[in-house]
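Structure, as structure tokens:
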Amino acid sequence: MSESPFTAGTLPADDIAADAEQRRHRLFATADQLRLAGRGMEALHVLAAEIATSRGGERHRAHLLGRLAQTVALEQPTIALAGLREALNLRLDARSRSTVLALVATIAARTGHPDTDALLREAGTAHAASGDQSSARHLALGRAARSLAYGDLPGAQAVLAALDPDSWAARADASSIRAERVLVQLGLGRHQDARTATRRAPDEADVSRTGLTALDCLRMVAVGELPEAAALAVTALSSGSADLSSGVRALLVAVIGEVRYRRGEHDDARAILRTCLAEERWPDRTMWSLAFCVAVRDPALSAPAGLLTRIVADLHRSVRPLLPVPHVGPRLVRAAVAAGDTLAARRVTELVELVSTRTPVPLWHALADQSRGLRDGDPDALRSAVDQLRTTAARPALADALLDLANSPRLRSGEARDAAYEAAALYARIGAPGDQAIADRRCADLAATPRHRQSIDGPPGGGIGALTPAEERVAEMLAAGATKKEAARSLFVSFHTVDTQLRSIYHKLGINNRMQLARAWERTRR
């Protein structure tokens, strides 16, 4: 390590006898200057070396460990892991060592490192021996991150619920706790809860502010507040804040690129996304996974860079990039199908289904149906996805699913036209004129398709066998005596959807009321 006024070895000798708080402020200033100068490893060494000296008492040690964790959060994974492993070579006391081990395990879990489980076990053993509160918090964050990597959002939520970011002891780690909680809320589709959490101003002036801003931008993208998301992301990215970590910067770039594509501003989107396409190293490239998922919709960027292959490989390590923005998973399947990559389409669909199994909420059931519908060209699965997405706040995902349904070659032209018109209208409401233009073109193509109408004197629609799987489920419940509201609640669809399906059922069966439906259903089950 080169000699520098910022290195640990050149700190004034009289600092040893100085007041602990004064010394701490000098150390923090030194570490900050090193980090801003692009010397993150040295910044971590300064902090770790001071921790190893065991001077200043327990409160001093707690402050140092907190700043070490914050500095780690601001660095790329490779630098953070290397710095922490170097710290483990110092003569740390048992409690400090257990915290550093927990930090290593947390970074590993967030990047999908293959040694995550072993590292978590090692950190757990060290914590059991030391009983340190700081290591307990970081160990919990690591276990929550591992659950997120496997798509187990309820499991992560349960772990994080035991942490109190507002307690004095957790002040240094509050930003990480809040950020992980918001990510879980976004993944569960609890967007209003996420909005409340991100708008809450934390007391500490650190990475929490920019991190929560980035997560709020992702929430806006997920619910269709696109102009607001772009404005906030551009402001945060151009602020020049020293607390703008590489990971937060990557999220803001993804938000801006996403909004620009949906607006139809493809050149502007490519200009900002090209900054991340050169990142080849793993695990550092995991920070850019969401930006890659945005760029994959553009063949001009994704094909030359082989993005789809990289994304699928990284998602098999961790599905974390799929969690905050619902339409990302189906988008990857759509891109794979368009590229003729059946293996990638199958692998991404399996991952979305895995999250749906571990996080059984309507949002993920819908995304799994949509992914299967795209992979298999199954309009029934796409119908089911649309019905379930109507019960969520994920309006861009709903608009995309409607357009997928309209593009299904096995769909009747009349139903396809209705889906395309609704998609175009929804894109217009969320501020996505680029996507609206795509839906409008599909409407025009379908309008030019001759409508083959059945004669009113002809036979009814074909009996029970003509019902779609979604219509069969509705027919079965209504024939058994359920009300339309009860059926909608049980099937996780809207009342309007059940009402529309019931009219279709009546037409296909040639009946006019619920009594006739019950009789028809009973005859088919004999």
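By convention here, the chains of the structure tokens are called A, B, ... in the order presented, each chain's residues are numbered starting at 1, and ligands are numbered starting at 1 in the order presented.
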Next on the checklist: Which residues are near region 63-68 of chain A? Cut-off 7 Å, only C-alpha atoms, ignore same chain within fewer than 4 positions. Put them as a list in words.
Outcome noted: Leu44, Leu47, Ile51, Arg59, Val72, Ala172 and Asp173 of chain A
Next on the checklist: So that I can see what lies close to region 467-484 of chain A, please list as JSON, numbers by chain the residues with an atom at most 9 Å from it, counting only C-alpha atoms and leaving out residues fewer than 4 positions away in the same chain.
Outcome noted: {"A": [380, 381, 383, 384, 461, 462, 463, 488, 489, 491, 495, 498, 499, 501, 502, 504, 505, 508, 509, 514, 515, 516, 517, 518, 519, 520, 521, 522]}
Item to check | Residue nearest Ala416 (chain A) among A:Ala82, A:Ala432, A:Ala29, A:Leu382 (counting only C-alpha atoms) | outcome: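 Selected residue with least distance to Ala416 (chain A): A:Leu382.
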Taking a cut-off of 6 Å and counting only C-alpha atoms, can you build a table that, for each residue of region 279-367 of chain A near region 136-154 of chain A, reports the nearest atom pair and how far apart they are in Å (one decimal), sorted by chain then residue number, as a tab-separated table?
residue	atom	partner	partner_atom	distance
A:Ser318	CA	A:Ala149	CA	4.2
A:Val319	CA	A:Ala149	CA	5.2
A:Arg320	CA	A:Ala149	CA	5.2
A:Val355	CA	A:Gly151	CA	4.6
A:Arg358	CA	A:Asp152	CA	5.1
A:Thr359	CA	A:Asp152	CA	5.9
Item to check | Spatial neighbours of Pro324 (chain A), 10 Å, only C-alpha atoms, chain gap at least 4 places, as a VMD selection string | outcome: chain A and resid 182 to 189 191 215 218 to 219 221 to 222 290 320 328
Checklist entry - What lies within 12 Å of Ser246 (chain A) using only C-alpha atoms, ignoring chain neighbours under 3 positions off, as a ChimeraX atom specification? => result /A:38,71-80,207,210-211,214,237,241-243,249-253,276,284-288
Item to check | Backbone-only DSSP, alpha helix (DSSP H) members of region 217-335 of chain A, as a PyMOL selection string | outcome: chain A and resi 217-223+226-237+246-263+266-273+289-295+299-305+307-315+328-335
Next on the checklist: Need to verify the contact set: region 112-124 of chain A, 7 Å, only C-alpha atoms, exclusion of same-chain residues closer than 3 positions in sequence. Can you return it as a list in words?
Outcome noted: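 Here the qualifying residues turn out to be Ser98, Leu101, Ala102, Ala105, Ala108, Ala109, His127, Ala128, Leu139, Ala149, Arg317 and Ser318 of chain A.
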Put those residues in a file: N, CA, C and O atoms, as a JSON list (two decimals), in the first residue's frame.
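Generated file (part_34.json):
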[["chain", "number", "residue", "atom", "x", "y", "z"],
["A", 98, "SER", "N", -16.77, -11.66, 14.71],
["A", 98, "SER", "CA", -18.07, -12.23, 14.35],
["A", 98, "SER", "C", -18.87, -11.27, 13.49],
["A", 98, "SER", "O", -19.58, -11.69, 12.57],
["A", 101, "LEU", "N", -17.34, -11.36, 9.92],
["A", 101, "LEU", "CA", -17.77, -12.59, 9.26],
["A", 101, "LEU", "C", -19.23, -12.48, 8.79],
["A", 101, "LEU", "O", -19.58, -12.94, 7.69],
["A", 102, "ALA", "N", -20.08, -11.87, 9.62],
["A", 102, "ALA", "CA", -21.48, -11.70, 9.23],
["A", 102, "ALA", "C", -21.61, -10.76, 8.04],
["A", 102, "ALA", "O", -22.45, -10.96, 7.15],
["A", 105, "ALA", "N", -20.73, -12.73, 4.94],
["A", 105, "ALA", "CA", -21.83, -13.63, 4.58],
["A", 105, "ALA", "C", -22.98, -12.87, 3.94],
["A", 105, "ALA", "O", -23.63, -13.37, 3.01],
["A", 108, "ALA", "N", -22.11, -12.01, 0.36],
["A", 108, "ALA", "CA", -22.19, -13.25, -0.41],
["A", 108, "ALA", "C", -23.64, -13.61, -0.73],
["A", 108, "ALA", "O", -23.97, -13.99, -1.85],
["A", 109, "ALA", "N", -24.52, -13.46, 0.27],
["A", 109, "ALA", "CA", -25.93, -13.79, 0.06],
["A", 109, "ALA", "C", -26.57, -12.86, -0.96],
["A", 109, "ALA", "O", -27.36, -13.29, -1.80],
["A", 127, "HIS", "N", -20.88, -15.91, 16.04],
["A", 127, "HIS", "CA", -21.82, -15.12, 16.84],
["A", 127, "HIS", "C", -22.23, -15.86, 18.10],
["A", 127, "HIS", "O", -22.34, -15.26, 19.18],
["A", 128, "ALA", "N", -22.47, -17.15, 17.97],
["A", 128, "ALA", "CA", -22.87, -17.94, 19.15],
["A", 128, "ALA", "C", -21.80, -17.88, 20.23],
["A", 128, "ALA", "O", -22.11, -17.89, 21.43],
["A", 139, "LEU", "N", -25.94, -10.86, 10.89],
["A", 139, "LEU", "CA", -26.26, -12.25, 10.61],
["A", 139, "LEU", "C", -27.71, -12.37, 10.16],
["A", 139, "LEU", "O", -28.03, -13.12, 9.22],
["A", 149, "ALA", "N", -32.63, -14.36, -2.07],
["A", 149, "ALA", "CA", -31.95, -14.97, -3.22],
["A", 149, "ALA", "C", -32.70, -16.18, -3.72],
["A", 149, "ALA", "O", -32.66, -16.49, -4.92],
["A", 317, "ARG", "N", -28.15, -17.90, -9.58],
["A", 317, "ARG", "CA", -27.47, -17.71, -8.29],
["A", 317, "ARG", "C", -28.38, -16.99, -7.31],
["A", 317, "ARG", "O", -28.38, -17.28, -6.12],
["A", 318, "SER", "N", -29.15, -16.02, -7.82],
["A", 318, "SER", "CA", -30.05, -15.24, -6.95],
["A", 318, "SER", "C", -31.15, -14.62, -7.80],
["A", 318, "SER", "O", -30.87, -13.99, -8.82]]
Checklist entry - Any idea what's packed within 8 Å of Leu84 (chain A), counting only C-alpha atoms, ignoring anything in its chain fewer than 5 positions away? Could you give it as a list in words? => result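 Residues meeting the cut-off are Leu44, Val100, Leu103 and Val104 of chain A.
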The selected residues should be written to file as a PDB file, in the first residue's frame (atoms: N, CA and C atoms).
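Resulting contents of out.pdb:
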ATOM      1  N   LEU A  44     -11.227   0.821   4.104  1.00  0.00           N
ATOM      2  CA  LEU A  44     -11.620  -0.295   4.954  1.00  0.00           C
ATOM      3  C   LEU A  44     -10.476  -0.695   5.892  1.00  0.00           C
ATOM      4  N   VAL A 100     -17.559  -8.961  11.380  1.00  0.00           N
ATOM      5  CA  VAL A 100     -16.935  -8.952  10.052  1.00  0.00           C
ATOM      6  C   VAL A 100     -17.326 -10.211   9.272  1.00  0.00           C
ATOM      7  N   LEU A 103     -20.765  -9.714   7.971  1.00  0.00           N
ATOM      8  CA  LEU A 103     -20.769  -8.804   6.821  1.00  0.00           C
ATOM      9  C   LEU A 103     -20.366  -9.540   5.548  1.00  0.00           C
ATOM     10  N   VAL A 104     -19.355 -10.381   5.640  1.00  0.00           N
ATOM     11  CA  VAL A 104     -18.922 -11.176   4.480  1.00  0.00           C
ATOM     12  C   VAL A 104     -20.062 -12.070   4.004  1.00  0.00           C
TER      13      VAL A 104
END
Checklist entry - Quick one: residues within 12 Å of Ala313 (chain A), only C-alpha atoms counted, chain neighbours fewer than 3 positions away excluded, as JSON, numbers by chain? => result {"A": [112, 282, 283, 285, 286, 289, 306, 307, 308, 309, 310, 316, 317, 318, 319, 343, 344, 347, 348, 351]}
